[in-house]
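Text of input07.csv (CSV, C-alpha atoms) as supplied:
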chain,number,residue,atom,x,y,z
Q,4,MET,CA,0.0,0.0,0.0
Q,5,SER,CA,2.7,2.5,1.0
Q,6,GLY,CA,6.3,1.6,1.8
Q,7,GLN,CA,8.3,4.7,0.9
Q,8,THR,CA,11.1,4.0,3.4
Q,9,ASP,CA,11.9,7.7,3.9
Q,10,CYS,CA,8.4,9.0,4.1
Q,11,LEU,CA,7.1,10.2,7.5
Q,12,PHE,CA,3.4,9.6,6.6
Q,13,CYS,CA,4.1,6.1,5.2
Q,14,LYS,CA,5.7,5.3,8.6
Q,15,ILE,CA,2.6,6.6,10.3
Q,16,VAL,CA,0.5,4.4,8.1
Q,17,GLU,CA,2.7,1.4,8.9
Q,18,GLY,CA,2.5,2.2,12.7
Q,19,ALA,CA,6.3,2.6,12.9
Q,20,ILE,CA,5.6,6.2,14.1
Q,21,PRO,CA,2.6,6.7,16.4
Q,22,SER,CA,-0.2,9.1,15.6
Q,23,ASN,CA,-3.4,10.4,17.2
Q,24,LYS,CA,-5.9,8.8,14.9
Q,25,VAL,CA,-9.4,10.2,14.4
Q,26,TYR,CA,-10.4,8.3,11.2
Q,27,GLU,CA,-9.3,5.1,9.5
Q,28,ASP,CA,-10.5,2.9,6.8
Q,29,GLU,CA,-8.8,0.5,4.3
Q,30,ARG,CA,-7.4,3.2,2.2
Q,31,ILE,CA,-7.4,6.4,4.3
Q,32,LEU,CA,-6.0,7.6,7.6
Q,33,GLY,CA,-7.0,10.8,9.5
Q,34,PHE,CA,-4.8,11.9,12.5
Q,35,ARG,CA,-4.2,15.0,14.5
Q,36,ASP,CA,-1.5,17.4,13.3
Q,37,ILE,CA,1.3,17.6,15.9
Q,38,GLN,CA,1.6,21.3,15.3
Q,39,PRO,CA,-2.0,22.4,15.1
Q,40,GLN,CA,-2.8,25.7,13.3
Q,41,ALA,CA,-6.4,25.8,14.7
Q,42,LYS,CA,-8.3,24.4,17.6
Q,43,GLU,CA,-9.1,21.3,15.5
Q,44,HIS,CA,-6.5,20.3,12.9
Q,45,ILE,CA,-6.6,16.9,11.4
Q,46,LEU,CA,-4.6,15.5,8.4
Q,47,PHE,CA,-6.2,13.1,6.0
Q,48,ILE,CA,-3.9,11.0,3.9
Q,49,PRO,CA,-4.2,8.1,1.4
Q,50,LYS,CA,-2.4,5.1,2.7
Q,51,LYS,CA,-1.0,4.7,-0.7
Q,52,HIS,CA,2.1,6.9,-1.3
Q,53,ILE,CA,1.1,9.8,-3.6
Q,54,PRO,CA,3.6,12.6,-3.3
Q,55,THR,CA,1.6,15.6,-4.4
Q,56,MET,CA,-1.7,16.7,-5.9
Q,57,ASN,CA,0.1,16.8,-9.2
Q,58,ASP,CA,0.8,13.1,-9.0
Q,59,VAL,CA,-2.9,12.1,-8.7
Q,60,SER,CA,-3.6,10.0,-11.8
Q,61,ALA,CA,-6.9,9.1,-13.4
Q,62,GLU,CA,-7.5,6.0,-11.3
Q,63,ASP,CA,-6.7,7.8,-8.0
Q,64,TRP,CA,-9.6,10.4,-8.2
Q,65,PRO,CA,-12.1,8.2,-6.5
Q,66,LEU,CA,-9.6,7.8,-3.6
Q,67,ILE,CA,-9.2,11.5,-3.4
Q,68,ALA,CA,-13.1,11.9,-3.3
Q,69,ASP,CA,-13.2,9.3,-0.5
Q,70,LEU,CA,-10.6,11.3,1.4
Q,71,LEU,CA,-12.7,14.4,1.2
Q,72,LYS,CA,-15.7,12.4,2.2
Q,73,ALA,CA,-13.8,11.2,5.3
Q,74,ALA,CA,-13.0,14.8,6.2
Q,75,GLN,CA,-16.6,15.8,5.7
Q,76,GLN,CA,-17.8,13.0,8.0
Q,77,THR,CA,-15.1,13.7,10.6
Q,78,ALA,CA,-16.1,17.4,10.7
Q,79,ARG,CA,-19.6,16.3,11.6
Q,80,GLU,CA,-18.3,13.9,14.3
Q,81,LEU,CA,-16.1,16.6,15.8
Q,82,GLY,CA,-19.2,18.9,15.9
Q,83,ILE,CA,-17.6,21.6,13.6
Q,84,ALA,CA,-19.7,20.9,10.5
Q,85,GLU,CA,-22.3,23.6,11.2
Q,86,SER,CA,-20.0,26.2,12.8
Q,87,GLY,CA,-17.6,25.8,9.9
Q,88,PHE,CA,-14.3,24.3,8.8
Q,89,ARG,CA,-11.7,24.6,6.1
Q,90,LEU,CA,-10.1,21.9,3.8
Q,91,VAL,CA,-6.6,22.7,2.4
Q,92,ASN,CA,-4.2,20.9,0.1
Q,93,ASN,CA,-0.8,22.5,-0.3
Q,94,CYS,CA,1.1,21.3,-3.4
Q,95,ASN,CA,4.8,21.8,-3.8
Q,96,LYS,CA,7.1,24.5,-2.3
Q,97,GLU,CA,5.2,27.7,-3.0
Q,98,GLY,CA,2.0,26.1,-1.9
Q,99,GLY,CA,3.6,25.4,1.5
Q,100,GLN,CA,3.8,21.6,1.2
Q,101,VAL,CA,6.3,20.2,3.8
Q,102,ILE,CA,5.7,16.4,3.8
Q,103,TYR,CA,5.7,15.0,0.3
Q,104,HIS,CA,2.9,12.5,0.8
Q,105,LEU,CA,-0.4,14.0,-0.3
Q,106,HIS,CA,-2.5,15.3,2.6
Q,107,VAL,CA,-5.6,17.4,3.2
Q,108,HIS,CA,-5.8,19.6,6.3
Q,109,LEU,CA,-9.1,19.9,8.1
Q,110,LEU,CA,-9.1,23.0,10.2
Q,111,GLY,CA,-11.9,24.3,12.5
Q,112,GLY,CA,-13.2,24.8,16.0
Q,113,GLU,CA,-12.8,28.6,15.9
Q,114,PRO,CA,-13.3,31.4,13.4
Q,115,LEU,CA,-10.5,30.9,10.8
Q,116,GLY,CA,-8.3,33.6,9.3
Q,117,LYS,CA,-7.0,34.2,5.8
Q,118,ILE,CA,-6.4,31.4,3.3
Q,119,ASN,CA,-3.1,33.0,2.4
Q,120,GLY,CA,-2.0,34.6,5.6
L,3,MET,CA,-28.4,22.7,-13.6
L,4,SER,CA,-28.3,25.6,-11.3
L,5,GLY,CA,-31.1,28.2,-11.0
L,6,GLN,CA,-31.0,29.5,-7.4
L,7,THR,CA,-32.3,33.0,-8.3
L,8,ASP,CA,-30.4,34.7,-5.4
L,9,CYS,CA,-27.1,32.9,-5.9
L,10,LEU,CA,-24.2,35.0,-7.3
L,11,PHE,CA,-22.4,31.9,-8.6
L,12,CYS,CA,-25.6,30.5,-10.3
L,13,LYS,CA,-25.9,33.8,-12.1
L,14,ILE,CA,-22.3,33.5,-13.3
L,15,VAL,CA,-23.0,30.0,-14.5
L,16,GLU,CA,-26.1,31.3,-16.4
L,17,GLY,CA,-24.0,34.2,-17.8
L,18,ALA,CA,-26.3,36.8,-16.2
L,19,ILE,CA,-23.2,38.1,-14.4
L,20,PRO,CA,-19.9,38.1,-16.4
L,21,SER,CA,-16.7,36.3,-15.2
L,22,ASN,CA,-13.2,35.8,-16.4
L,23,LYS,CA,-13.3,32.1,-17.2
L,24,VAL,CA,-10.2,30.0,-17.2
L,25,TYR,CA,-11.9,26.5,-17.3
L,26,GLU,CA,-15.3,25.2,-18.4
L,27,ASP,CA,-16.8,21.8,-19.1
L,28,GLU,CA,-20.4,20.5,-18.9
L,29,ARG,CA,-20.5,20.4,-15.1
L,30,ILE,CA,-17.8,22.7,-13.9
L,31,LEU,CA,-16.7,26.3,-14.2
L,32,GLY,CA,-13.4,27.9,-13.3
L,33,PHE,CA,-13.0,31.7,-13.2
L,34,ARG,CA,-10.8,34.4,-11.7
L,35,ASP,CA,-11.6,35.7,-8.2
L,36,ILE,CA,-12.5,39.4,-8.5
L,37,GLN,CA,-10.6,40.0,-5.2
L,38,PRO,CA,-7.5,37.9,-5.6
L,39,GLN,CA,-5.6,36.8,-2.5
L,40,ALA,CA,-2.6,35.6,-4.5
L,41,LYS,CA,-1.0,36.3,-7.9
L,42,GLU,CA,-3.2,33.5,-9.3
L,43,HIS,CA,-6.6,33.0,-7.7
L,44,ILE,CA,-9.2,30.9,-9.5
L,45,LEU,CA,-12.5,29.7,-8.2
L,46,PHE,CA,-13.8,26.3,-9.3
L,47,ILE,CA,-17.5,25.6,-8.9
L,48,PRO,CA,-20.0,22.9,-9.8
L,49,LYS,CA,-22.6,24.3,-12.2
L,50,LYS,CA,-25.1,22.5,-10.0
L,51,HIS,CA,-26.1,24.5,-6.9
L,52,ILE,CA,-24.5,22.8,-3.9
L,53,PRO,CA,-24.4,25.2,-1.0
L,54,THR,CA,-21.5,23.9,1.1
L,55,MET,CA,-19.2,20.9,1.5
L,56,ASN,CA,-21.7,19.6,4.1
L,57,ASP,CA,-24.3,19.3,1.3
L,58,VAL,CA,-22.2,17.0,-0.9
L,59,SER,CA,-24.3,13.8,-1.1
L,60,ALA,CA,-23.1,10.3,-2.1
L,61,GLU,CA,-23.9,10.9,-5.8
L,62,ASP,CA,-22.0,14.2,-5.9
L,63,TRP,CA,-18.5,12.9,-5.0
L,64,PRO,CA,-17.5,12.1,-8.5
L,65,LEU,CA,-18.4,15.7,-9.4
L,66,ILE,CA,-16.2,17.0,-6.6
L,67,ALA,CA,-13.3,14.8,-7.8
L,68,ASP,CA,-13.7,16.2,-11.3
L,69,LEU,CA,-13.7,19.7,-9.9
L,70,LEU,CA,-10.3,19.0,-8.2
L,71,LYS,CA,-9.1,17.4,-11.4
L,72,ALA,CA,-10.0,20.6,-13.3
L,73,ALA,CA,-8.0,22.6,-10.7
L,74,GLN,CA,-5.0,20.3,-11.0
L,75,GLN,CA,-5.1,20.6,-14.8
L,76,THR,CA,-5.5,24.4,-14.7
L,77,ALA,CA,-2.5,24.7,-12.3
L,78,ARG,CA,-0.5,23.0,-15.0
L,79,GLU,CA,-1.8,25.2,-17.7
L,80,LEU,CA,-1.1,28.3,-15.7
L,81,GLY,CA,2.5,27.1,-15.2
L,82,ILE,CA,2.2,26.9,-11.4
L,83,ALA,CA,2.0,23.1,-10.9
L,84,GLU,CA,5.7,22.7,-10.3
L,85,SER,CA,6.4,25.9,-8.4
L,86,GLY,CA,3.4,25.1,-6.2
L,87,PHE,CA,-0.2,26.0,-5.4
L,88,ARG,CA,-2.9,25.6,-2.8
L,89,LEU,CA,-6.5,24.3,-3.0
L,90,VAL,CA,-8.9,25.5,-0.4
L,91,ASN,CA,-12.6,24.9,0.5
L,92,ASN,CA,-14.1,27.1,3.2
L,93,CYS,CA,-17.3,25.6,4.7
L,94,ASN,CA,-19.8,27.7,6.6
L,95,LYS,CA,-19.1,30.9,8.7
L,96,GLU,CA,-16.1,29.9,10.8
L,97,GLY,CA,-14.4,28.4,7.8
L,98,GLY,CA,-14.7,31.7,6.1
L,99,GLN,CA,-17.3,30.9,3.4
L,100,VAL,CA,-18.8,34.0,1.9
L,101,ILE,CA,-20.8,32.7,-1.1
L,102,TYR,CA,-23.0,29.7,-0.3
L,103,HIS,CA,-22.4,27.9,-3.6
L,104,LEU,CA,-19.6,25.4,-3.0
L,105,HIS,CA,-16.3,26.5,-4.5
L,106,VAL,CA,-12.6,25.5,-4.3
L,107,HIS,CA,-10.0,28.2,-4.4
L,108,LEU,CA,-6.8,27.6,-6.5
L,109,LEU,CA,-4.1,29.9,-5.2
L,110,GLY,CA,-0.5,30.2,-6.5
L,111,GLY,CA,2.0,32.2,-8.6
L,112,GLU,CA,4.0,33.2,-5.5
L,113,PRO,CA,5.1,31.7,-2.2
L,114,LEU,CA,2.0,31.4,-0.1
L,115,GLY,CA,1.6,32.2,3.6
L,116,LYS,CA,-0.3,30.4,6.4
L,117,ILE,CA,-3.4,28.3,5.8
L,118,ASN,CA,-5.0,30.0,8.8
L,119,GLY,CA,-3.5,33.5,8.7

Would you mind writing the structure in this file as structure tokens?
Amino acid sequence: MSGQTDCLFCKIVEGAIPSNKVYEDERILGFRDIQPQAKEHILFIPKKHIPTMNDVSAEDWPLIADLLKAAQQTARELGIAESGFRLVNNCNKEGGQVIYHLHVHLLGGEPLGKING
Amino acid sequence: MSGQTDCLFCKIVEGAIPSNKVYEDERILGFRDIQPQAKEHILFIPKKHIPTMNDVSAEDWPLIADLLKAAQQTARELGIAESGFRLVNNCNKEGGQVIYHLHVHLLGGEPLGKING
């Protein structure tokens, strides 16, 4: 499924590095960001190693849709669906991507600021 | 397809309000934000009126995937895929949603700041 030996998020998928999980299914993992940028800050990743949004190929789009669906459901479970939340994907350097394993940030639990702050 | 009489983005879909289009297919429209928050700032919307990310139902997820795919392709066409970009969906008030017709921001063309600034 994953297995990039030098990838932090693949190690989290494999359990070699611990994480605070809030969502898991066969293909997707959701866990708390260790440096939260809002009251609630969850990262959703495909278990499969896809480096960036640029690397999503035709057969991967249903997986990306499922990942967003997992974020939508988790927002509801965290009680922030109605108050509001933000979903963010940073792609490559100028986008602010730090870990090169595709991830979507779910932010919420407070009024959020700018999308390019 | 759309037809919410009081929705700004439905009016853009219908052509009643002009927009600077950068992407269009049968179900999706991409146009420049009139108040850009980065050098490149495009909004991608489904032509169908879906108010927020909370309102995406089971049958809509392939549409949302196609919308992200349109953003991915547009980033490439704008020449910002490799330098980097950001995709953002704001849902409801605390997320920062202003127009209640689901949209995904594509930001790029410069080094971006915080995701909650």

Superposed chain L (ref. Chain Q, all C-alpha pairs in order) as a tab-separated table (two decimals) with C-alpha atoms, in the coordinates of the input:
chain	number	residue	atom	x	y	z
L	3	MET	CA	0.04	0.05	0.08
L	4	SER	CA	2.63	2.51	1.06
L	5	GLY	CA	6.28	1.60	1.80
L	6	GLN	CA	8.38	4.67	0.87
L	7	THR	CA	11.10	4.00	3.50
L	8	ASP	CA	11.93	7.74	3.93
L	9	CYS	CA	8.35	8.99	4.10
L	10	LEU	CA	7.12	10.20	7.53
L	11	PHE	CA	3.47	9.63	6.58
L	12	CYS	CA	4.17	6.05	5.23
L	13	LYS	CA	5.74	5.27	8.57
L	14	ILE	CA	2.62	6.51	10.36
L	15	VAL	CA	0.49	4.38	8.11
L	16	GLU	CA	2.71	1.33	8.94
L	17	GLY	CA	2.52	2.24	12.67
L	18	ALA	CA	6.32	2.62	12.89
L	19	ILE	CA	5.66	6.19	14.07
L	20	PRO	CA	2.63	6.72	16.40
L	21	SER	CA	-0.24	9.18	15.61
L	22	ASN	CA	-3.41	10.32	17.20
L	23	LYS	CA	-5.93	8.81	14.81
L	24	VAL	CA	-9.37	10.24	14.41
L	25	TYR	CA	-10.39	8.31	11.18
L	26	GLU	CA	-9.26	5.09	9.51
L	27	ASP	CA	-10.59	2.86	6.76
L	28	GLU	CA	-8.84	0.49	4.31
L	29	ARG	CA	-7.39	3.27	2.15
L	30	ILE	CA	-7.38	6.36	4.26
L	31	LEU	CA	-6.03	7.64	7.54
L	32	GLY	CA	-6.98	10.72	9.51
L	33	PHE	CA	-4.88	11.91	12.47
L	34	ARG	CA	-4.16	15.02	14.52
L	35	ASP	CA	-1.49	17.46	13.31
L	36	ILE	CA	1.31	17.53	15.92
L	37	GLN	CA	1.61	21.32	15.31
L	38	PRO	CA	-1.98	22.45	15.12
L	39	GLN	CA	-2.80	25.70	13.34
L	40	ALA	CA	-6.36	25.77	14.65
L	41	LYS	CA	-8.32	24.36	17.61
L	42	GLU	CA	-9.06	21.31	15.43
L	43	HIS	CA	-6.42	20.30	12.90
L	44	ILE	CA	-6.60	16.86	11.31
L	45	LEU	CA	-4.57	15.53	8.46
L	46	PHE	CA	-6.19	13.12	6.00
L	47	ILE	CA	-3.91	10.98	3.86
L	48	PRO	CA	-4.20	8.14	1.36
L	49	LYS	CA	-2.44	5.05	2.73
L	50	LYS	CA	-1.00	4.75	-0.76
L	51	HIS	CA	2.10	6.93	-1.30
L	52	ILE	CA	1.07	9.78	-3.59
L	53	PRO	CA	3.58	12.58	-3.31
L	54	THR	CA	1.57	15.65	-4.33
L	55	MET	CA	-1.72	16.68	-5.93
L	56	ASN	CA	0.18	16.80	-9.26
L	57	ASP	CA	0.74	13.02	-8.96
L	58	VAL	CA	-2.96	12.13	-8.71
L	59	SER	CA	-3.57	9.95	-11.80
L	60	ALA	CA	-6.93	9.13	-13.44
L	61	GLU	CA	-7.41	5.99	-11.30
L	62	ASP	CA	-6.72	7.84	-8.04
L	63	TRP	CA	-9.60	10.38	-8.18
L	64	PRO	CA	-12.10	8.18	-6.52
L	65	LEU	CA	-9.60	7.77	-3.66
L	66	ILE	CA	-9.25	11.54	-3.36
L	67	ALA	CA	-13.07	11.92	-3.27
L	68	ASP	CA	-13.25	9.36	-0.48
L	69	LEU	CA	-10.56	11.21	1.39
L	70	LEU	CA	-12.70	14.43	1.24
L	71	LYS	CA	-15.72	12.39	2.21
L	72	ALA	CA	-13.84	11.14	5.31
L	73	ALA	CA	-13.00	14.79	6.17
L	74	GLN	CA	-16.61	15.89	5.73
L	75	GLN	CA	-17.79	13.04	7.97
L	76	THR	CA	-15.13	13.74	10.62
L	77	ALA	CA	-16.11	17.46	10.69
L	78	ARG	CA	-19.55	16.27	11.62
L	79	GLU	CA	-18.32	13.94	14.24
L	80	LEU	CA	-16.13	16.59	15.76
L	81	GLY	CA	-19.17	18.91	15.95
L	82	ILE	CA	-17.65	21.54	13.64
L	83	ALA	CA	-19.67	20.93	10.43
L	84	GLU	CA	-22.25	23.57	11.21
L	85	SER	CA	-20.04	26.16	12.86
L	86	GLY	CA	-17.63	25.79	9.93
L	87	PHE	CA	-14.29	24.37	8.82
L	88	ARG	CA	-11.69	24.58	6.09
L	89	LEU	CA	-10.08	21.91	3.86
L	90	VAL	CA	-6.70	22.66	2.45
L	91	ASN	CA	-4.18	20.92	0.12
L	92	ASN	CA	-0.77	22.53	-0.25
L	93	CYS	CA	1.08	21.34	-3.40
L	94	ASN	CA	4.82	21.71	-3.79
L	95	LYS	CA	7.10	24.46	-2.25
L	96	GLU	CA	5.21	27.66	-3.00
L	97	GLY	CA	1.98	26.10	-1.87
L	98	GLY	CA	3.58	25.40	1.42
L	99	GLN	CA	3.86	21.58	1.29
L	100	VAL	CA	6.24	20.23	3.86
L	101	ILE	CA	5.69	16.44	3.74
L	102	TYR	CA	5.66	15.00	0.22
L	103	HIS	CA	2.89	12.47	0.88
L	104	LEU	CA	-0.36	14.08	-0.27
L	105	HIS	CA	-2.53	15.24	2.62
L	106	VAL	CA	-5.62	17.44	3.16
L	107	HIS	CA	-5.79	19.59	6.22
L	108	LEU	CA	-9.16	19.84	8.12
L	109	LEU	CA	-9.11	23.01	10.17
L	110	GLY	CA	-11.90	24.32	12.46
L	111	GLY	CA	-13.18	24.74	16.04
L	112	GLU	CA	-12.78	28.54	15.88
L	113	PRO	CA	-13.22	31.36	13.39
L	114	LEU	CA	-10.47	30.96	10.85
L	115	GLY	CA	-8.31	33.68	9.31
L	116	LYS	CA	-7.05	34.21	5.73
L	117	ILE	CA	-6.43	31.36	3.30
L	118	ASN	CA	-3.15	33.02	2.35
L	119	GLY	CA	-2.06	34.68	5.61

Find the nearest atom pair between each residue of chain L and chain Q for residues within 10 Å, count all atoms listed in the file, give distances in Å to one decimal, sort rows by chain and ascending number, and present the table as CSV.
residue,atom,partner,partner_atom,distance
L:Gln39,CA,Q:Asn119,CA,6.7
L:Ala40,CA,Q:Asn119,CA,7.4
L:Thr54,CA,Q:Gly87,CA,9.8
L:Met55,CA,Q:Gln75,CA,7.1
L:Asn56,CA,Q:Gln75,CA,6.6
L:Asp57,CA,Q:Gln75,CA,9.5
L:Val58,CA,Q:Lys72,CA,8.5
L:Ser59,CA,Q:Lys72,CA,9.3
L:Ala60,CA,Q:Lys72,CA,8.8
L:Asp62,CA,Q:Ala68,CA,9.6
L:Trp63,CA,Q:Ala68,CA,5.7
L:Pro64,CA,Q:Ala68,CA,6.8
L:Leu65,CA,Q:Ala68,CA,8.9
L:Ile66,CA,Q:Ala68,CA,6.8
L:Ala67,CA,Q:Ala68,CA,5.4
L:Asp68,CA,Q:Trp64,CA,7.7
L:Leu70,CA,Q:Trp64,CA,8.6
L:Lys71,CA,Q:Trp64,CA,7.7
L:Ala73,CA,Q:Met56,CA,9.9
L:Gln74,CA,Q:Asn57,CA,6.4
L:Gln75,CA,Q:Asn57,CA,8.5
L:Ala77,CA,Q:Asn57,CA,8.9
L:Arg78,CA,Q:Asn57,CA,8.5
L:Ile82,CA,Q:Glu97,CA,9.0
L:Ala83,CA,Q:Asn57,CA,6.8
L:Glu84,CA,Q:Asn95,CA,6.6
L:Ser85,CA,Q:Glu97,CA,5.8
L:Gly86,CA,Q:Asn95,CA,4.3
L:Phe87,CA,Q:Gly98,CA,4.1
L:Arg88,CA,Q:Asn93,CA,4.5
L:Leu89,CA,Q:Asn92,CA,5.1
L:Val90,CA,Q:Val91,CA,4.6
L:Asn91,CA,Q:Leu90,CA,5.1
L:Asn92,CA,Q:Arg89,CA,4.5
L:Cys93,CA,Q:Gly87,CA,5.2
L:Asn94,CA,Q:Gly87,CA,4.4
L:Lys95,CA,Q:Gly87,CA,5.4
L:Glu96,CA,Q:Pro114,CA,4.1
L:Gly97,CA,Q:Phe88,CA,4.2
L:Gly98,CA,Q:Leu115,CA,6.4
L:Gln99,CA,Q:Gly87,CA,8.3
L:Val106,CA,Q:Leu90,CA,9.2
L:His107,CA,Q:Ile118,CA,9.1
L:Leu108,CA,Q:Asn92,CA,9.8
L:Leu109,CA,Q:Gly98,CA,7.9
L:Gly110,CA,Q:Gly98,CA,6.6
L:Gly111,CA,Q:Glu97,CA,7.9
L:Glu112,CA,Q:Glu97,CA,6.2
L:Pro113,CA,Q:Glu97,CA,4.1
L:Leu114,CA,Q:Gly98,CA,5.6
L:Gly115,CA,Q:Gly120,CA,4.8
L:Lys116,CA,Q:Gly120,CA,4.6
L:Ile117,CA,Q:Ile118,CA,5.0
L:Asn118,CA,Q:Gly116,CA,4.9
L:Gly119,CA,Q:Gly120,CA,3.6

re atom CA of L:Ile30 and atom CA of L:Ala18: distance 16.6 Å

Can you pull out every residue within 6 Å of L:Arg34, counting only C-alpha atoms, but drop anything in the same chain fewer than 4 positions away, and send it as an mmCIF file with C-alpha atoms, in the frame of the given file?
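Dumped to result_30.cif:
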data_model
loop_
_atom_site.group_PDB
_atom_site.id
_atom_site.type_symbol
_atom_site.label_atom_id
_atom_site.label_comp_id
_atom_site.auth_asym_id
_atom_site.auth_seq_id
_atom_site.Cartn_x
_atom_site.Cartn_y
_atom_site.Cartn_z
ATOM 1 C CA ASN L 22 -13.200 35.800 -16.400
ATOM 2 C CA HIS L 43 -6.600 33.000 -7.700
ATOM 3 C CA ILE L 44 -9.200 30.900 -9.500
#

- Task: Rounded to one decimal place, report the atom CA of L:Lys41-atom CA of L:Gly81 distance in Å.
- Result: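 One can read the atom CA of L:Lys41 to atom CA of L:Gly81 distance as 12.3 Å.
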